[in-house]
$ cat upload-v3.txt   # compact mmCIF, C-alpha atoms and all ligand atoms
# COMPACT_ATOMS: atom_id res chain seq x y z
CA MET A 1051 -59.52 112.95 -11.34
CA ARG A 1052 -55.81 112.44 -12.04
CA GLU A 1053 -56.33 113.91 -15.53
CA GLU A 1054 -58.02 116.96 -14.00
CA ARG A 1055 -55.16 117.52 -11.61
CA LEU A 1056 -52.58 117.23 -14.38
CA ASP A 1057 -54.56 119.70 -16.42
CA HIS A 1058 -54.77 122.15 -13.52
CA GLU A 1059 -51.02 121.82 -12.89
CA HIS A 1060 -50.31 122.35 -16.59
CA GLN A 1061 -52.22 125.63 -16.49
CA ALA A 1062 -50.55 126.75 -13.27
CA LEU A 1063 -47.14 126.05 -14.80
CA GLY A 1064 -48.04 128.08 -17.90
CA SER A 1065 -49.15 131.00 -15.71
CA LEU A 1066 -45.97 130.84 -13.64
CA GLN A 1067 -43.83 130.76 -16.78
CA HIS A 1068 -45.68 133.85 -18.00
CA GLU A 1069 -45.35 135.72 -14.70
CA LEU A 1070 -41.62 134.97 -14.47
CA PHE A 1071 -41.10 135.90 -18.13
CA GLU A 1072 -42.66 139.32 -17.45
CA ARG A 1073 -40.19 139.81 -14.59
CA GLU A 1074 -37.30 138.94 -16.94
CA VAL A 1075 -36.31 135.88 -14.90
CA GLY A 1076 -35.52 134.10 -18.17
CA ARG A 1077 -32.37 136.23 -18.60
CA ALA A 1078 -30.64 134.08 -15.97
CA ARG A 1079 -27.98 131.59 -17.10
CA ILE A 1080 -27.95 129.79 -13.74
CA ALA A 1081 -30.83 129.22 -11.32
CA PHE A 1082 -30.09 128.40 -7.67
CA VAL A 1083 -32.52 126.88 -5.17
CA LEU A 1084 -31.45 127.54 -1.59
CA GLY A 1085 -32.16 125.14 1.29
CA SER A 1086 -32.73 125.78 5.01
CA GLY A 1087 -30.41 128.37 6.53
CA LEU A 1088 -28.57 129.08 3.25
CA GLY A 1089 -30.41 132.24 2.28
CA SER A 1090 -27.47 134.58 2.90
CA PHE A 1091 -25.88 133.51 -0.41
CA ALA A 1092 -28.59 135.64 -2.06
CA ASP A 1093 -27.25 138.75 -0.24
CA THR A 1094 -24.12 138.66 -2.40
CA ILE A 1095 -26.04 139.12 -5.67
CA GLU A 1096 -25.31 142.33 -7.56
CA ASN A 1097 -28.11 144.62 -8.79
CA PRO A 1098 -30.66 142.48 -6.96
CA GLN A 1099 -34.31 142.64 -7.81
CA VAL A 1100 -36.33 140.90 -5.09
CA ILE A 1101 -39.69 139.33 -5.92
CA PRO A 1102 -41.61 137.99 -2.86
CA TYR A 1103 -43.53 134.80 -3.66
CA ALA A 1104 -46.65 136.57 -2.38
CA GLU A 1105 -46.43 138.78 -5.49
CA ILE A 1106 -46.30 135.80 -7.84
CA GLU A 1107 -49.80 134.39 -8.14
CA SER A 1108 -48.89 130.95 -9.50
CA MET A 1109 -45.95 130.31 -7.15
CA PRO A 1110 -46.58 127.58 -4.53
CA GLN A 1111 -46.11 129.18 -1.07
CA SER A 1112 -43.97 127.64 1.71
CA GLY A 1113 -44.43 127.94 5.45
CA VAL A 1114 -41.21 126.35 6.75
CA PRO A 1115 -39.07 128.54 9.08
CA GLY A 1116 -35.67 129.32 7.55
CA HIS A 1117 -37.17 129.49 4.04
CA ALA A 1118 -37.67 133.13 3.06
CA GLY A 1119 -40.03 132.83 0.11
CA GLU A 1120 -38.60 135.16 -2.51
CA LEU A 1121 -36.87 135.13 -5.85
CA VAL A 1122 -33.77 137.28 -6.25
CA VAL A 1123 -32.76 138.17 -9.80
CA GLY A 1124 -29.41 139.81 -10.51
CA GLU A 1125 -25.79 139.05 -11.39
CA LEU A 1126 -22.84 137.20 -9.92
CA ALA A 1127 -19.39 137.80 -11.42
CA GLY A 1128 -21.18 139.37 -14.39
CA VAL A 1129 -23.34 136.27 -15.01
CA PRO A 1130 -27.15 136.75 -14.86
CA VAL A 1131 -28.60 134.49 -12.14
CA VAL A 1132 -31.85 133.85 -10.30
CA VAL A 1133 -32.02 132.57 -6.75
CA GLN A 1134 -35.08 130.77 -5.44
CA LYS A 1135 -34.91 131.43 -1.72
CA GLY A 1136 -37.15 128.84 -0.15
CA ARG A 1137 -38.97 125.87 -1.65
CA VAL A 1138 -42.10 123.87 -0.95
CA HIS A 1139 -41.82 120.31 0.36
CA LEU A 1140 -43.92 117.20 -0.11
CA TYR A 1141 -44.45 117.03 3.66
CA GLU A 1142 -46.26 120.39 3.55
CA GLY A 1143 -48.95 118.67 1.50
CA HIS A 1144 -47.75 119.68 -1.99
CA ASP A 1145 -47.62 116.98 -4.63
CA SER A 1146 -44.49 116.31 -6.65
CA ARG A 1147 -45.61 118.40 -9.63
CA GLU A 1148 -46.46 121.41 -7.48
CA ALA A 1149 -43.17 121.05 -5.61
CA THR A 1150 -41.30 121.21 -8.93
CA ARG A 1151 -43.39 123.90 -10.65
CA CYS A 1152 -40.83 126.64 -10.21
CA VAL A 1153 -37.84 124.69 -11.57
CA ARG A 1154 -39.96 123.52 -14.51
CA ALA A 1155 -40.82 127.15 -15.23
CA PHE A 1156 -37.08 127.96 -15.15
CA GLY A 1157 -36.54 125.20 -17.73
CA LEU A 1158 -39.36 126.44 -19.96
CA LEU A 1159 -37.88 129.95 -19.84
CA GLY A 1160 -34.66 128.50 -21.26
CA ILE A 1161 -32.43 128.85 -18.20
CA PRO A 1162 -29.77 126.21 -18.99
CA ASN A 1163 -28.30 125.43 -15.54
CA LEU A 1164 -29.79 124.59 -12.15
CA VAL A 1165 -27.96 124.30 -8.83
CA LEU A 1166 -30.06 122.73 -6.07
CA THR A 1167 -28.97 123.02 -2.45
CA ASN A 1168 -30.32 121.57 0.77
CA ALA A 1169 -29.66 120.84 4.42
CA ALA A 1170 -29.08 117.16 5.10
CA GLY A 1171 -28.16 114.71 7.83
CA GLY A 1172 -24.74 113.07 7.50
CA ILE A 1173 -24.38 109.30 7.37
CA GLU A 1174 -20.57 109.14 7.08
CA ALA A 1175 -19.23 108.87 10.63
CA ASP A 1176 -15.86 110.43 9.78
CA TRP A 1177 -17.08 113.65 8.14
CA ASP A 1178 -16.97 116.70 10.43
CA VAL A 1179 -20.17 118.77 10.46
CA PRO A 1180 -21.12 121.17 9.05
CA ALA A 1181 -19.76 119.77 5.78
CA LEU A 1182 -20.47 120.32 2.09
CA MET A 1183 -21.21 117.44 -0.27
CA ARG A 1184 -21.70 117.42 -4.01
CA ILE A 1185 -24.56 115.06 -4.85
CA ASP A 1186 -23.50 112.74 -7.65
CA ASP A 1187 -26.55 110.47 -7.47
CA HIS A 1188 -29.64 109.98 -5.35
CA ILE A 1189 -32.00 107.38 -3.90
CA ASN A 1190 -35.61 108.51 -4.13
CA LEU A 1191 -37.55 107.04 -1.18
CA GLN A 1192 -40.33 109.64 -1.37
CA GLY A 1193 -42.72 107.27 -3.12
CA CYS A 1194 -43.40 109.53 -6.08
CA THR A 1195 -41.84 111.15 -9.12
CA PRO A 1196 -42.70 114.48 -10.76
CA LEU A 1197 -42.82 113.01 -14.26
CA GLY A 1198 -46.09 112.68 -16.15
CA PRO A 1199 -47.10 109.60 -18.17
CA HIS A 1200 -45.44 110.90 -21.35
CA GLU A 1201 -42.16 112.13 -19.91
CA THR A 1202 -38.98 110.08 -19.82
CA GLY A 1203 -36.63 110.17 -16.89
CA HIS A 1204 -32.85 110.07 -17.20
CA ARG A 1205 -30.56 107.54 -15.61
CA GLN A 1206 -27.89 110.19 -15.07
CA VAL A 1207 -29.65 113.09 -13.34
CA TYR A 1208 -26.65 115.14 -12.20
CA ASP A 1209 -24.54 116.71 -14.93
CA GLU A 1210 -20.90 115.63 -15.05
CA GLU A 1211 -19.58 118.90 -16.50
CA LEU A 1212 -21.32 120.99 -13.85
CA GLY A 1213 -20.06 118.55 -11.21
CA ALA A 1214 -16.51 118.96 -12.51
CA ALA A 1215 -16.93 122.76 -12.40
CA LEU A 1216 -17.96 122.45 -8.75
CA GLU A 1217 -14.86 120.38 -8.02
CA ARG A 1218 -12.66 123.02 -9.70
CA ALA A 1219 -14.40 125.78 -7.75
CA ALA A 1220 -13.85 123.85 -4.50
CA ALA A 1221 -10.12 123.52 -5.22
CA GLU A 1222 -9.81 127.19 -6.24
CA SER A 1223 -11.72 128.53 -3.24
CA GLN A 1224 -10.09 126.04 -0.83
CA VAL A 1225 -13.39 124.66 0.38
CA GLU A 1226 -13.58 120.98 1.27
CA LEU A 1227 -16.26 119.35 -0.90
CA HIS A 1228 -17.23 115.72 -0.30
CA ARG A 1229 -19.03 113.73 -2.92
CA GLY A 1230 -21.79 111.18 -2.41
CA VAL A 1231 -25.31 109.83 -2.74
CA TYR A 1232 -28.27 111.71 -1.25
CA ALA A 1233 -31.25 109.70 0.00
CA ALA A 1234 -34.58 111.54 0.01
CA ILE A 1235 -37.26 110.58 2.53
CA PRO A 1236 -40.79 112.08 2.67
CA GLY A 1237 -40.35 113.77 6.10
CA PRO A 1238 -41.23 115.76 8.09
CA SER A 1239 -40.02 113.41 10.81
CA TYR A 1240 -36.32 112.65 10.90
CA GLU A 1241 -35.15 109.07 10.40
CA THR A 1242 -34.85 106.36 13.00
CA ALA A 1243 -31.45 104.86 13.81
CA ALA A 1244 -32.53 101.65 12.01
CA GLU A 1245 -33.42 103.63 8.88
CA ILE A 1246 -29.99 105.25 8.93
CA ARG A 1247 -28.34 101.82 9.17
CA MET A 1248 -30.35 100.77 6.12
CA LEU A 1249 -29.40 103.92 4.19
CA ARG A 1250 -25.72 103.46 5.01
CA TRP A 1251 -25.91 99.87 3.79
CA ALA A 1252 -27.60 101.14 0.61
CA GLY A 1253 -24.69 103.48 -0.12
CA ALA A 1254 -26.13 106.86 0.93
CA SER A 1255 -23.86 109.49 2.51
CA ALA A 1256 -26.55 112.08 3.29
CA VAL A 1257 -30.29 112.12 3.94
CA GLY A 1258 -32.88 114.85 3.54
CA MET A 1259 -36.42 115.73 2.47
CA SER A 1260 -36.03 117.70 -0.75
CA THR A 1261 -34.07 118.09 -4.00
CA VAL A 1262 -34.71 114.80 -5.83
CA GLN A 1263 -38.11 115.76 -7.26
CA GLU A 1264 -36.70 119.07 -8.55
CA ALA A 1265 -33.60 117.37 -9.95
CA VAL A 1266 -35.64 114.79 -11.89
CA ALA A 1267 -38.11 117.38 -13.21
CA ALA A 1268 -35.42 119.85 -14.26
CA ARG A 1269 -33.34 117.17 -15.97
CA ALA A 1270 -36.44 116.01 -17.88
CA SER A 1271 -37.05 119.59 -19.00
CA GLY A 1272 -33.54 119.72 -20.49
CA MET A 1273 -31.63 121.64 -17.81
CA ARG A 1274 -28.14 120.68 -16.62
CA VAL A 1275 -28.45 119.93 -12.90
CA ALA A 1276 -25.93 120.09 -10.04
CA ALA A 1277 -26.70 119.73 -6.34
CA ILE A 1278 -24.99 120.41 -3.03
CA SER A 1279 -25.94 119.22 0.45
CA THR A 1280 -24.84 121.12 3.50
CA ILE A 1281 -24.55 118.42 6.09
CA THR A 1282 -25.82 120.20 9.15
CA ASN A 1283 -25.86 117.32 11.65
CA PRO A 1284 -24.90 113.68 12.04
CA ALA A 1285 -28.02 111.63 11.18
CA ALA A 1286 -29.97 109.72 13.85
CA GLY A 1287 -28.03 106.90 15.51
CA ILE A 1288 -24.77 108.56 14.47
CA SER A 1289 -25.41 111.54 16.73
CA GLU A 1290 -25.90 111.05 20.50
CA THR A 1291 -28.49 113.81 20.76
CA PRO A 1292 -31.95 114.21 19.15
CA LEU A 1293 -32.00 116.93 16.50
CA ASN A 1294 -34.37 119.76 15.73
CA HIS A 1295 -35.00 122.22 12.90
CA ASP A 1296 -33.41 125.20 14.73
CA GLU A 1297 -30.10 123.32 14.92
CA VAL A 1298 -30.28 122.67 11.18
CA VAL A 1299 -30.86 126.36 10.42
CA GLU A 1300 -28.04 127.39 12.81
CA ALA A 1301 -25.56 124.97 11.19
CA GLY A 1302 -26.58 126.35 7.79
CA ARG A 1303 -25.56 129.79 9.06
CA LEU A 1304 -22.21 128.44 10.26
CA VAL A 1305 -21.39 126.95 6.87
CA SER A 1306 -22.79 129.78 4.78
CA GLU A 1307 -19.50 131.68 4.36
CA ARG A 1308 -17.81 128.61 2.81
CA PHE A 1309 -20.91 127.80 0.79
CA THR A 1310 -21.08 131.33 -0.65
CA ARG A 1311 -17.35 131.34 -1.49
CA LEU A 1312 -17.71 128.00 -3.30
CA LEU A 1313 -20.72 129.07 -5.36
CA LYS A 1314 -19.28 132.48 -6.29
CA THR A 1315 -16.15 130.77 -7.58
CA PHE A 1316 -18.33 128.23 -9.42
CA VAL A 1317 -20.45 130.76 -11.37
CA PRO A 1318 -17.88 131.80 -14.00
CA LEU A 1319 -16.72 128.16 -14.38
CA ALA A 1320 -20.20 126.74 -15.05
N1 LIG B 1 -32.45 114.09 8.26
C1 LIG B 1 -33.27 114.51 7.29
N2 LIG B 1 -33.28 115.76 6.84
C2 LIG B 1 -32.42 116.62 7.39
C3 LIG B 1 -31.53 116.25 8.39
C4 LIG B 1 -31.55 114.91 8.87
O1 LIG B 1 -30.80 114.50 9.77
N3 LIG B 1 -30.80 117.35 8.72
C5 LIG B 1 -31.23 118.34 7.90
N4 LIG B 1 -32.21 117.91 7.08
$ encode --input "upload-v3.txt" --output "structure tokens"
Amino acid sequence: MREERLDHEHQALGSLQHELFEREVGRARIAFVLGSGLGSFADTIENPQVIPYAEIESMPQSGVPGHAGELVVGELAGVPVVVQKGRVHLYEGHDSREATRCVRAFGLLGIPNLVLTNAAGGIEADWDVPALMRIDDHINLQGCTPLGPHETGHRQVYDEELGAALERAAAESQVELHRGVYAAIPGPSYETAAEIRMLRWAGASAVGMSTVQEAVAARASGMRVAAISTITNPAAGISETPLNHDEVVEAGRLVSERFTRLLKTFVPLA
């Protein structure tokens, strides 16, 4: 059964690679994956060509509000880029290979750099929200990995050179960029206060429900990977009030000007 599923996924990945190749997605030098509420970054792309996921047969489809479901191909500061606006999550019922199919296809097409972004809860009590954090390592608590039996993972998932380029871009664009560990939980429920105490003790600064599967898969396929969390809310037990998805999307909107400035400055430095 497991063999059959792997075989099916292998075929789906091949089809997606082919479909994206036909749309010239492989020209991109940097691929971006945008998290909840961060879609407006894609509006700044020059000569945009928009491909709705519905027109890509082998693309897993997402139903989460705040995730648009389209690829935007174009240029930023003269550099060819592709933006994946909206991703699928494990909590929607996708397995880890399906959830990483698109970034694997980017890797197979030879796109060398991947920038993953997400919305996350903040664990550091003294960071104002919304805040931006460069992920320099992660804790995978999702109970799965996207790697098959014959793939090797890497101890260092996030690329140091790309990370340094993000730091330079932050200084140049005068955007405050924290740095820390991202803990990934399965979701869709937010954490309890006790879970946040555990994560803080374990050294995490942010918590969310995405990114780590894609980071591991892309790294294994040879891409350089960087990742940024927009910390949209203090995590449970740190905040006084219960949180909801609308708040997360709204905070994403609030931070999007800074986020866009940072990434536009980053592109020529990558
Ligand atoms: N927890 C988990 N995921 C999230 C959060 C959070 O507090 N905020 C945005 N995504």
$ residues_near_ligand --input "upload-v3.txt" --ligand "ligand LIG 1 (chain B)" --cutoff "6 Å" --atoms "only C-alpha atoms and all ligand atoms" --output "PDB file with C-alpha atoms, in the frame of the given file"
ATOM      1  CA  ALA A1169     -29.660 120.840   4.420  1.00  0.00           C
ATOM      2  CA  ALA A1170     -29.080 117.160   5.100  1.00  0.00           C
ATOM      3  CA  GLY A1171     -28.160 114.710   7.830  1.00  0.00           C
ATOM      4  CA  TYR A1240     -36.320 112.650  10.900  1.00  0.00           C
ATOM      5  CA  VAL A1257     -30.290 112.120   3.940  1.00  0.00           C
ATOM      6  CA  GLY A1258     -32.880 114.850   3.540  1.00  0.00           C
ATOM      7  CA  MET A1259     -36.420 115.730   2.470  1.00  0.00           C
ATOM      8  CA  THR A1282     -25.820 120.200   9.150  1.00  0.00           C
ATOM      9  CA  ASN A1283     -25.860 117.320  11.650  1.00  0.00           C
ATOM     10  CA  ALA A1285     -28.020 111.630  11.180  1.00  0.00           C
ATOM     11  CA  VAL A1298     -30.280 122.670  11.180  1.00  0.00           C
TER      12      VAL A1298
END
$ atom_distance --input "upload-v3.txt" --atom1 "CA of Gly1136 in chain A" --atom2 "CA of Ser1112 in chain A"
7.2 Å
$ closest_residue --input "upload-v3.txt" --among "A:Ile1278, A:Leu1197, A:Leu1070, A:Ala1127" --to "Ile1095 in chain A" --atoms "all atoms listed in the file"
A:Ala1127
$ residues_around --input "upload-v3.txt" --residues "Val1207 in chain A" --least-positions-apart "3" --cutoff "8 Å" --atoms "all atoms listed in the file" --output "ChimeraX atom specification"
/A:1187,1204,1265-1266,1269,1275
$ atom_distance --input "upload-v3.txt" --atom1 "CA of Glu1074 in chain A" --atom2 "CA of His1060 in chain A"
21.1 Å
$ closest_residue --input "upload-v3.txt" --among "A:Arg1079, A:His1139, A:Arg1052, A:His1200" --to "Arg1274 in chain A" --atoms "all atoms listed in the file"
A:Arg1079
$ residues_around --input "upload-v3.txt" --residues "Ala1104 in chain A" --least-positions-apart "6" --cutoff "10 Å" --atoms "all atoms listed in the file" --output "JSON list (two decimals) with C-alpha atoms, keeping the file's coordinate frame"
[["chain", "number", "residue", "atom", "x", "y", "z"],
["A", 1110, "PRO", "CA", -46.58, 127.58, -4.53],
["A", 1111, "GLN", "CA", -46.11, 129.18, -1.07],
["A", 1119, "GLY", "CA", -40.03, 132.83, 0.11],
["A", 1120, "GLU", "CA", -38.60, 135.16, -2.51]]
$ residues_around --input "upload-v3.txt" --residues "Asp1145 in chain A" --least-positions-apart "6" --cutoff "12 Å" --atoms "all atoms listed in the file" --output "list in words"
Arg1052, Arg1055, Leu1056, Glu1059, Pro1110, Val1138, His1139, Arg1151, Gln1192, Gly1193, Cys1194, Thr1195, Pro1196, Leu1197, Pro1236, Gln1263 and Glu1264 of chain A
$ residues_near_point --input "upload-v3.txt" --point "(-17.3, 109.5, 7.9)" --cutoff "12 Å" --atoms "all atoms listed in the file" --output "ChimeraX atom specification"
/A:1172-1179,1181,1228-1230,1250,1254-1256,1281,1284-1285,1288
$ closest_residue --input "upload-v3.txt" --among "A:Leu1088, A:Val1122, A:Ala1221, A:Ala1078" --to "Thr1315 in chain A" --atoms "only C-alpha atoms"
A:Ala1221
$ atom_distance --input "upload-v3.txt" --atom1 "CA of Phe1091 in chain A" --atom2 "CA of Thr1310 in chain A"
5.3 Å
$ axis_aligned_box --input "upload-v3.txt" --around "range 1122-1134 of chain A" --padding-each-side "8 Å" --output "JSON"
{"center_x": -27.2, "center_y": 135.3, "center_z": -10.2, "size_x": 31.7, "size_y": 25.0, "size_z": 25.6}
$ residues_around --input "upload-v3.txt" --residues "Gln1067 in chain A" --least-positions-apart "3" --cutoff "8 Å" --atoms "all atoms listed in the file" --output "list of chain:residue names"
A:Leu1063, A:Gly1064, A:Leu1070, A:Phe1071, A:Ala1155, A:Phe1156, A:Leu1158, A:Leu1159
$ closest_residue --input "upload-v3.txt" --among "A:Ile1106, A:Glu1054, A:Glu1096, A:Lys1135" --to "Arg1073 in chain A" --atoms "all atoms listed in the file"
A:Ile1106
$ residues_around --input "upload-v3.txt" --residues "Leu1216 in chain A" --least-positions-apart "4" --cutoff "8 Å" --atoms "all atoms listed in the file" --output "PyMOL selection string"
chain A and resi 1184+1212+1220+1312-1313+1316+1320
$ closest_residue --input "upload-v3.txt" --among "A:Leu1084, A:Ala1092, A:Ala1301, A:Val1231" --to "Glu1125 in chain A" --atoms "all atoms listed in the file"
A:Ala1092
$ closest_residue --input "upload-v3.txt" --among "A:Ala1233, A:Pro1199, A:Arg1154, A:Asp1093" --to "Trp1251 in chain A" --atoms "only C-alpha atoms"
A:Ala1233
